[in-house]
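File shown: start11.cif (mmCIF, C-alpha atoms).
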```cif
data_target
loop_
_atom_site.label_atom_id
_atom_site.label_comp_id
_atom_site.auth_asym_id
_atom_site.auth_seq_id
_atom_site.Cartn_x
_atom_site.Cartn_y
_atom_site.Cartn_z
CA MET A 1 0.00 0.00 0.00
CA ALA A 2 2.86 2.36 0.75
CA GLU A 3 4.52 1.57 -2.57
CA ALA A 4 1.22 2.16 -4.36
CA GLY A 5 1.15 5.66 -2.87
CA ILE A 6 -2.21 5.41 -1.14
CA ALA A 7 -0.84 5.66 2.39
CA SER A 8 2.29 5.95 4.43
CA ARG A 9 3.53 2.72 5.97
CA ARG A 10 2.33 3.92 9.38
CA GLU A 11 -1.18 4.54 8.03
CA ALA A 12 -1.22 1.20 6.22
CA ASP A 13 -0.22 -0.62 9.41
CA GLN A 14 -3.08 1.04 11.28
CA TRP A 15 -5.57 0.16 8.52
CA ILE A 16 -4.52 -3.49 8.83
CA VAL A 17 -4.91 -3.41 12.62
CA ASP A 18 -8.36 -1.83 12.18
CA GLY A 19 -9.43 -4.67 9.87
CA ARG A 20 -9.97 -2.42 6.86
CA VAL A 21 -7.66 -4.39 4.55
CA THR A 22 -8.43 -7.70 2.83
CA VAL A 23 -6.25 -9.96 0.69
CA ASN A 24 -8.19 -12.20 -1.70
CA GLY A 25 -11.31 -11.66 0.38
CA GLU A 26 -9.72 -12.50 3.74
CA VAL A 27 -9.08 -9.89 6.41
CA ALA A 28 -5.36 -9.14 6.47
CA ARG A 29 -3.24 -9.42 9.58
CA PRO A 30 0.12 -7.79 10.37
CA GLY A 31 2.74 -9.75 8.45
CA THR A 32 0.37 -11.10 5.78
CA GLN A 33 2.40 -11.80 2.63
CA VAL A 34 1.13 -10.38 -0.67
CA GLY A 35 2.22 -11.51 -4.12
CA PRO A 36 1.79 -9.86 -7.54
CA ASP A 37 -1.39 -11.86 -8.30
CA ASP A 38 -3.12 -11.17 -4.96
CA LEU A 39 -6.07 -8.80 -4.80
CA VAL A 40 -5.79 -6.24 -2.02
CA ARG A 41 -8.74 -4.08 -1.02
CA VAL A 42 -9.07 -1.22 1.45
CA ASP A 43 -12.63 -0.63 2.64
CA GLY A 44 -13.73 -2.80 -0.28
CA ARG A 45 -11.84 -0.81 -2.91
CA ALA A 46 -9.24 -2.70 -4.96
CA ILE A 47 -5.77 -1.20 -4.96
CA ARG A 48 -3.86 -3.85 -6.89
CA LYS A 49 -1.79 -2.37 -9.70
CA PRO A 50 -2.47 -3.70 -13.19
CA ARG A 51 0.07 -6.30 -14.22
CA ASN A 52 3.13 -4.81 -15.94
CA ALA A 53 2.07 -1.30 -14.95
CA LYS A 54 4.93 1.15 -14.70
CA ALA A 55 5.69 2.51 -11.26
CA GLU A 56 4.68 6.12 -10.76
CA PRO A 57 7.67 8.48 -10.76
CA VAL A 58 8.58 9.77 -7.32
CA ARG A 59 7.32 13.29 -6.82
CA VAL A 60 7.91 15.63 -3.89
CA LEU A 61 6.37 19.03 -3.28
CA LEU A 62 7.91 21.79 -1.16
CA TYR A 63 4.88 23.58 0.27
CA LYS A 64 5.13 26.86 2.16
CA LYS A 65 2.41 26.58 4.79
CA ARG A 66 0.97 29.69 6.33
CA ALA A 67 -0.36 29.92 9.87
CA GLY A 68 -4.05 29.07 9.98
CA GLU A 69 -3.88 26.22 7.45
CA LEU A 70 -4.48 22.63 8.50
CA VAL A 71 -2.43 19.62 7.41
CA THR A 72 -5.43 17.41 6.72
CA ALA A 73 -7.27 16.28 3.62
CA SER A 74 -10.53 17.86 4.78
CA ASP A 75 -11.91 19.76 7.73
CA PRO A 76 -15.52 19.51 8.95
CA GLU A 77 -15.38 23.17 9.99
CA GLY A 78 -14.43 24.25 6.48
CA ARG A 79 -11.06 25.71 7.39
CA ARG A 80 -8.27 26.01 4.82
CA THR A 81 -6.13 22.92 4.30
CA VAL A 82 -2.82 22.49 2.52
CA PHE A 83 -4.36 19.88 0.21
CA ARG A 84 -6.97 22.09 -1.39
CA LYS A 85 -5.00 23.12 -4.52
CA LEU A 86 -2.29 20.52 -4.94
CA PRO A 87 -1.69 19.15 -8.45
CA LYS A 88 -3.72 16.11 -9.49
CA LEU A 89 -2.07 12.70 -9.50
CA ASP A 90 -2.70 9.98 -12.08
CA SER A 91 -2.86 7.46 -9.25
CA GLY A 92 -2.28 7.37 -5.48
CA ARG A 93 -2.47 10.50 -3.36
CA TRP A 94 -0.33 13.17 -1.80
CA ILE A 95 1.03 12.20 1.63
CA ALA A 96 2.20 14.86 4.06
CA VAL A 97 5.58 14.17 5.64
CA GLY A 98 4.69 14.80 9.26
CA ARG A 99 2.46 17.64 10.35
CA LEU A 100 2.70 21.27 11.29
CA ASP A 101 0.13 22.51 13.78
CA ILE A 102 -2.33 25.18 12.72
CA ASN A 103 -0.23 28.03 14.16
CA THR A 104 3.08 26.90 12.65
CA SER A 105 4.19 28.00 9.19
CA GLY A 106 6.99 27.11 6.81
CA LEU A 107 8.23 24.04 4.97
CA LEU A 108 5.96 21.04 4.55
CA LEU A 109 7.03 18.16 2.31
CA LEU A 110 4.43 16.12 0.45
CA THR A 111 5.08 13.09 -1.73
CA ASN A 112 3.22 10.47 -3.76
CA HIS A 113 5.61 7.75 -2.54
CA GLY A 114 4.31 6.08 0.60
CA GLU A 115 7.55 4.35 1.55
CA LEU A 116 9.54 7.58 1.17
CA ALA A 117 7.04 9.44 3.36
CA SER A 118 7.18 6.70 6.00
CA ARG A 119 10.97 6.69 6.17
CA LEU A 120 11.24 10.48 6.24
CA MET A 121 9.05 10.46 9.37
CA HIS A 122 10.61 7.39 11.03
CA PRO A 123 12.79 8.06 14.11
CA ARG A 124 15.35 5.54 12.83
CA TYR A 125 16.70 8.02 10.26
CA GLU A 126 16.93 10.97 12.68
CA LEU A 127 16.29 13.61 10.05
CA ALA A 128 16.84 17.11 11.37
CA ARG A 129 13.95 19.55 11.50
CA HIS A 130 15.14 23.16 11.45
CA TYR A 131 13.01 26.01 12.81
CA ALA A 132 13.12 29.76 13.25
CA VAL A 133 11.31 30.67 16.44
CA ARG A 134 10.32 33.96 18.06
CA VAL A 135 10.19 33.61 21.83
CA HIS A 136 8.31 35.95 24.13
CA GLY A 137 9.93 36.37 27.51
CA PRO A 138 13.44 36.65 28.93
CA VAL A 139 15.90 33.99 27.73
CA ASP A 140 19.38 33.64 29.22
CA GLU A 141 22.29 31.33 28.42
CA ALA A 142 21.58 29.06 31.38
CA MET A 143 18.12 28.40 29.99
CA CYS A 144 19.57 27.64 26.55
CA GLU A 145 22.06 25.22 28.09
CA ARG A 146 19.25 23.35 29.82
CA LEU A 147 17.36 23.06 26.56
CA ARG A 148 20.46 21.75 24.76
CA ALA A 149 21.25 19.29 27.55
CA GLY A 150 17.71 17.98 27.83
CA VAL A 151 14.60 18.47 29.94
CA GLU A 152 11.84 16.12 31.05
CA LEU A 153 8.52 16.47 29.23
CA GLU A 154 5.29 14.59 29.89
CA ASP A 155 6.19 12.05 27.19
CA GLY A 156 9.86 11.67 28.10
CA PRO A 157 13.15 13.56 27.88
CA ALA A 158 13.77 15.90 24.96
CA ARG A 159 16.26 18.53 23.89
CA PHE A 160 17.31 20.84 21.09
CA ASP A 161 20.18 19.42 19.05
CA SER A 162 21.19 22.97 18.29
CA LEU A 163 19.97 26.31 19.57
CA HIS A 164 21.40 29.77 18.95
CA ALA A 165 20.13 33.34 18.90
CA VAL A 166 19.74 35.14 15.57
CA ALA A 167 18.92 38.67 14.52
CA ALA A 168 15.25 39.52 14.18
CA PRO A 169 13.91 39.81 10.61
CA PRO A 170 13.09 43.34 9.39
CA GLY A 171 10.01 44.66 11.14
CA GLU A 172 10.20 41.99 13.87
CA THR A 173 11.83 44.04 16.61
CA GLY A 174 10.73 44.32 20.21
CA SER A 175 12.47 44.10 23.58
CA SER A 176 10.23 41.28 24.81
CA ASN A 177 10.84 39.05 21.77
CA GLN A 178 13.97 37.16 20.75
CA TRP A 179 14.59 35.05 17.66
CA PHE A 180 16.38 31.71 17.69
CA GLU A 181 17.22 28.97 15.24
CA VAL A 182 16.68 25.49 16.67
CA THR A 183 17.04 21.93 15.42
CA VAL A 184 15.37 18.74 16.61
CA HIS A 185 15.62 15.18 15.29
CA GLU A 186 12.19 14.05 16.48
CA GLY A 187 8.69 14.51 15.16
CA ARG A 188 6.87 14.50 18.49
CA ASN A 189 3.73 16.60 18.64
CA ARG A 190 4.42 20.32 19.26
CA LEU A 191 7.90 19.47 20.52
CA VAL A 192 9.51 22.87 19.90
CA ARG A 193 6.68 24.71 21.64
CA ARG A 194 6.71 22.31 24.60
CA LEU A 195 10.47 22.59 25.06
CA TRP A 196 10.23 26.37 25.35
CA ALA A 197 7.16 26.08 27.60
CA SER A 198 9.23 23.94 29.98
CA GLN A 199 11.24 27.12 30.64
CA ASP A 200 8.11 29.28 31.05
CA CYS A 201 8.64 30.88 27.65
CA GLU A 202 5.93 31.38 25.06
CA VAL A 203 6.52 30.75 21.36
CA ALA A 204 5.06 33.74 19.55
CA ARG A 205 5.95 32.55 16.05
CA LEU A 206 7.30 29.26 14.69
CA ILE A 207 8.53 28.65 11.13
CA ARG A 208 9.99 25.40 9.83
CA VAL A 209 12.84 26.34 7.51
CA GLY A 210 14.32 22.91 6.74
CA TYR A 211 13.64 19.18 6.81
CA GLY A 212 16.56 16.80 6.39
CA PRO A 213 18.58 17.91 3.35
CA ILE A 214 15.82 20.24 2.08
CA ALA A 215 15.74 23.95 2.90
CA LEU A 216 12.69 26.16 2.39
CA GLY A 217 14.73 28.88 0.73
CA ARG A 218 13.18 31.75 -1.18
CA GLY A 219 10.82 31.98 -4.11
CA ILE A 220 7.78 30.08 -2.78
CA ARG A 221 4.75 32.20 -1.92
CA SER A 222 2.78 31.45 1.23
CA SER A 223 0.16 28.74 0.62
CA SER A 224 1.96 27.72 -2.55
CA TYR A 225 4.51 25.09 -3.56
CA ARG A 226 7.12 24.01 -6.04
CA GLU A 227 8.18 20.59 -7.28
CA ALA A 228 11.40 19.27 -5.80
CA THR A 229 14.26 19.05 -8.26
CA ALA A 230 15.79 15.73 -9.29
CA ASP A 231 18.78 16.44 -7.05
CA GLU A 232 16.53 17.23 -4.06
CA ILE A 233 14.60 13.98 -4.52
CA LYS A 234 17.84 12.03 -4.76
CA ALA A 235 19.09 13.70 -1.56
CA LEU A 236 15.89 12.80 0.29
CA MET A 237 15.99 9.18 -0.87
CA LYS A 238 19.68 8.87 -0.02
CA ALA A 239 18.99 10.22 3.49
CA VAL A 240 16.60 7.31 4.14
CA ASP A 241 18.44 4.57 2.23
CA LEU A 242 16.07 4.33 -0.75
CA THR A 243 17.20 3.82 -4.32
CA PRO A 244 16.55 6.96 -6.36
CA SER A 245 14.29 6.70 -9.39
CA ALA A 246 13.56 9.16 -12.14
CA PRO A 247 11.28 11.99 -11.00
CA ALA A 248 8.47 13.25 -13.17
CA LYS A 249 9.17 16.28 -15.35
CA ARG A 250 6.92 19.11 -14.25
CA SER A 251 6.87 22.87 -14.64
CA GLY A 252 6.64 22.96 -10.84
CA ARG A 253 5.59 26.44 -9.70
CA GLY A 254 2.20 25.82 -8.18
CA GLY A 255 -0.05 24.25 -10.78
CA PRO A 256 -2.53 26.50 -12.65
CA ARG A 257 -1.63 30.01 -13.66
CA ARG A 258 -3.49 31.46 -10.67
CA GLY A 259 -1.57 29.01 -8.43
CA PRO A 260 -2.34 27.58 -5.02
CA ALA A 261 -1.85 30.94 -3.35
CA GLY A 262 -4.82 32.42 -5.18
CA ARG A 263 -5.26 36.11 -5.91
#
```
Exercise: express the given structure as C-alpha cells:
Amino acid sequence: MAEAGIASRREADQWIVDGRVTVNGEVARPGTQVGPDDLVRVDGRAIRKPRNAKAEPVRVLLYKKRAGELVTASDPEGRRTVFRKLPKLDSGRWIAVGRLDINTSGLLLLTNHGELASRLMHPRYELARHYAVRVHGPVDEAMCERLRAGVELEDGPARFDSLHAVAAPPGETGSSNQWFEVTVHEGRNRLVRRLWASQDCEVARLIRVGYGPIALGRGIRSSSYREATADEIKALMKAVDLTPSAPAKRSGRGGPRRGPAGR
C-alpha cells in the first residue's frame, strides 16, 4: 500500500490493525504476505496495480504553509487545508511528511511515494527539522544550556540538538521578543513549543525552515509550492536509504496560472 502511494507505511499498518484491509477476500493481519497476483482491497476498494504497470515516478512538493492552514485532507469546519490546490495525480495520493500545527508556518514536504514518506518520518533516520522561532519572555544562556542538555517532558526527555540566537527579521523588533534557530531530530507533537514552555517561555511565532537535506529557501509564496528538483529527490531518498528513481518532469511552480496561493 505504501509503494502504491495510497498511504504511508504507518497509516497502512493502522488500517490493517483496524481490519480495513483484505487480501483475496480475507481480512489481512500484520505480516500477511502479498504476491503480484493477490487482490488487495481497502474498505472494499481494490488497490492492486495492473500487471506490468509502470511505477509512478517519485514526486515531492515543497509547500510553504501559512499559519491558519491545516495539514489534513478535509476539515468539517471548512477551514483552509494544505491539500486544497495541490496538483492532481494519475494514481495514489499526496502524503504529508509529518504535520505542522495550525499556528506553525513554513516548509511542509508532500510526496506520492508512501515508503519515502514513512521513512522520512521514522525516528530511525533521525532527520533534522530546522526552525526559526520567536520567543516571548526573557531567555538567558543558562536556559539555553538546559534546553540543549535535555529536559523532562510529559512524554519523556527531549532537547534541542542545536539552539542559537539570531537577529530579528526586518520589522520583527521588540524588547520582549527574541529570535532563535533550533534543530530537533524528532517529530513528536508540538515538541519545539513544549520545550520552550518547559522554561516558562511562550513561542510567539514558529517557522519550519528545513527538513533533512531540504531547505525552504526563497521563491515560494505562502500557501503555494514548487516541485522538488531531481537532485533534491535524490538527496531525500539517499537520506533514508532508498534507491533513487527518475522523477516526473513538471513545470513545478504551483499548478494553474493562478496558483495555489490564489489572488
Expected selection from the PyMOL selection byres ((chain A and resi 110-116) around 10), given as a tab-separated table (two decimals) with C-alpha atoms, in the frame of the given file:
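New file part.tsv:
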```tsv
chain	number	residue	atom	x	y	z
A	1	MET	CA	0.00	0.00	0.00
A	2	ALA	CA	2.86	2.36	0.75
A	3	GLU	CA	4.52	1.57	-2.57
A	4	ALA	CA	1.22	2.16	-4.36
A	5	GLY	CA	1.15	5.66	-2.87
A	6	ILE	CA	-2.21	5.41	-1.14
A	7	ALA	CA	-0.84	5.66	2.39
A	8	SER	CA	2.29	5.95	4.43
A	9	ARG	CA	3.53	2.72	5.97
A	10	ARG	CA	2.33	3.92	9.38
A	11	GLU	CA	-1.18	4.54	8.03
A	12	ALA	CA	-1.22	1.20	6.22
A	56	GLU	CA	4.68	6.12	-10.76
A	57	PRO	CA	7.67	8.48	-10.76
A	58	VAL	CA	8.58	9.77	-7.32
A	59	ARG	CA	7.32	13.29	-6.82
A	60	VAL	CA	7.91	15.63	-3.89
A	61	LEU	CA	6.37	19.03	-3.28
A	62	LEU	CA	7.91	21.79	-1.16
A	63	TYR	CA	4.88	23.58	0.27
A	82	VAL	CA	-2.82	22.49	2.52
A	83	PHE	CA	-4.36	19.88	0.21
A	86	LEU	CA	-2.29	20.52	-4.94
A	89	LEU	CA	-2.07	12.70	-9.50
A	91	SER	CA	-2.86	7.46	-9.25
A	92	GLY	CA	-2.28	7.37	-5.48
A	93	ARG	CA	-2.47	10.50	-3.36
A	94	TRP	CA	-0.33	13.17	-1.80
A	95	ILE	CA	1.03	12.20	1.63
A	96	ALA	CA	2.20	14.86	4.06
A	97	VAL	CA	5.58	14.17	5.64
A	98	GLY	CA	4.69	14.80	9.26
A	107	LEU	CA	8.23	24.04	4.97
A	108	LEU	CA	5.96	21.04	4.55
A	109	LEU	CA	7.03	18.16	2.31
A	117	ALA	CA	7.04	9.44	3.36
A	118	SER	CA	7.18	6.70	6.00
A	119	ARG	CA	10.97	6.69	6.17
A	120	LEU	CA	11.24	10.48	6.24
A	121	MET	CA	9.05	10.46	9.37
A	122	HIS	CA	10.61	7.39	11.03
A	225	TYR	CA	4.51	25.09	-3.56
A	227	GLU	CA	8.18	20.59	-7.28
A	228	ALA	CA	11.40	19.27	-5.80
A	233	ILE	CA	14.60	13.98	-4.52
A	236	LEU	CA	15.89	12.80	0.29
A	237	MET	CA	15.99	9.18	-0.87
A	240	VAL	CA	16.60	7.31	4.14
A	241	ASP	CA	18.44	4.57	2.23
A	242	LEU	CA	16.07	4.33	-0.75
```
Exercise. Could you spell out the hits of the PyMOL selection byres ((chain A and resi 139-155) around 8) on the shown file, as a VMD selection string?
Worked result: chain A and resid 137 to 138 156 to 163 178 194 to 196 198 to 199 201
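Relative to CA of Pro76 in chain A, CA of Arg20 in chain A is found at 22.7 Å.
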Exercise. Which value, in Å to one decimal, gives the distance between CA of Asp101 in chain A and CA of Val184 in chain A?
Worked result: 16.0 Å
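Atom pair CA of Arg124 in chain A / CA of Gly187 in chain A has a distance of 11.4 Å (rounded to one decimal).
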For this session: Given the file shown, determine the residues that the PyMOL selection byres ((chain A and resi 206) around 9) selects; report them as number ranges by chain.
Result: A: 103-106, 131-135, 192-193, 203-205, 207-208
Quick one: everything within 12 Å of Arg45 in chain A, counting all atoms listed in the file, minus sequence neighbours fewer than 3 positions away in the same chain. Send it as a CSV table (one decimal) with C-alpha atoms, in the coordinates of the input.
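After the write, part_9.csv holds the following:
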```
chain,number,residue,atom,x,y,z
A,6,ILE,CA,-2.2,5.4,-1.1
A,20,ARG,CA,-10.0,-2.4,6.9
A,21,VAL,CA,-7.7,-4.4,4.6
A,22,THR,CA,-8.4,-7.7,2.8
A,23,VAL,CA,-6.2,-10.0,0.7
A,25,GLY,CA,-11.3,-11.7,0.4
A,39,LEU,CA,-6.1,-8.8,-4.8
A,40,VAL,CA,-5.8,-6.2,-2.0
A,41,ARG,CA,-8.7,-4.1,-1.0
A,42,VAL,CA,-9.1,-1.2,1.4
A,48,ARG,CA,-3.9,-3.8,-6.9
```
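Taking all atoms listed in the file into account, Ile102 in chain A lies nearest to A:Arg190 out of the set A:Arg84, A:His185, A:Arg190, A:Arg218.
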For this session: For the point (-7.4, 30.9, 7.3) in the file's frame, write as an MDAnalysis selection string all residues with an atom no more than 9 Å away, counting all atoms listed in the file.
Result: chainID A and resid 66:70 79:81
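Distances from A:Val34, A:Leu100, A:Glu202, A:Ile214 to Lys65 in chain A were compared using all atoms listed in the file, and the smallest one belongs to A:Leu100.
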Problem set entry | Selected residue of minimal separation from Trp179 in chain A among A:Leu191, A:Ala46, A:His136, A:Ala239, counting only C-alpha atoms | A:His136
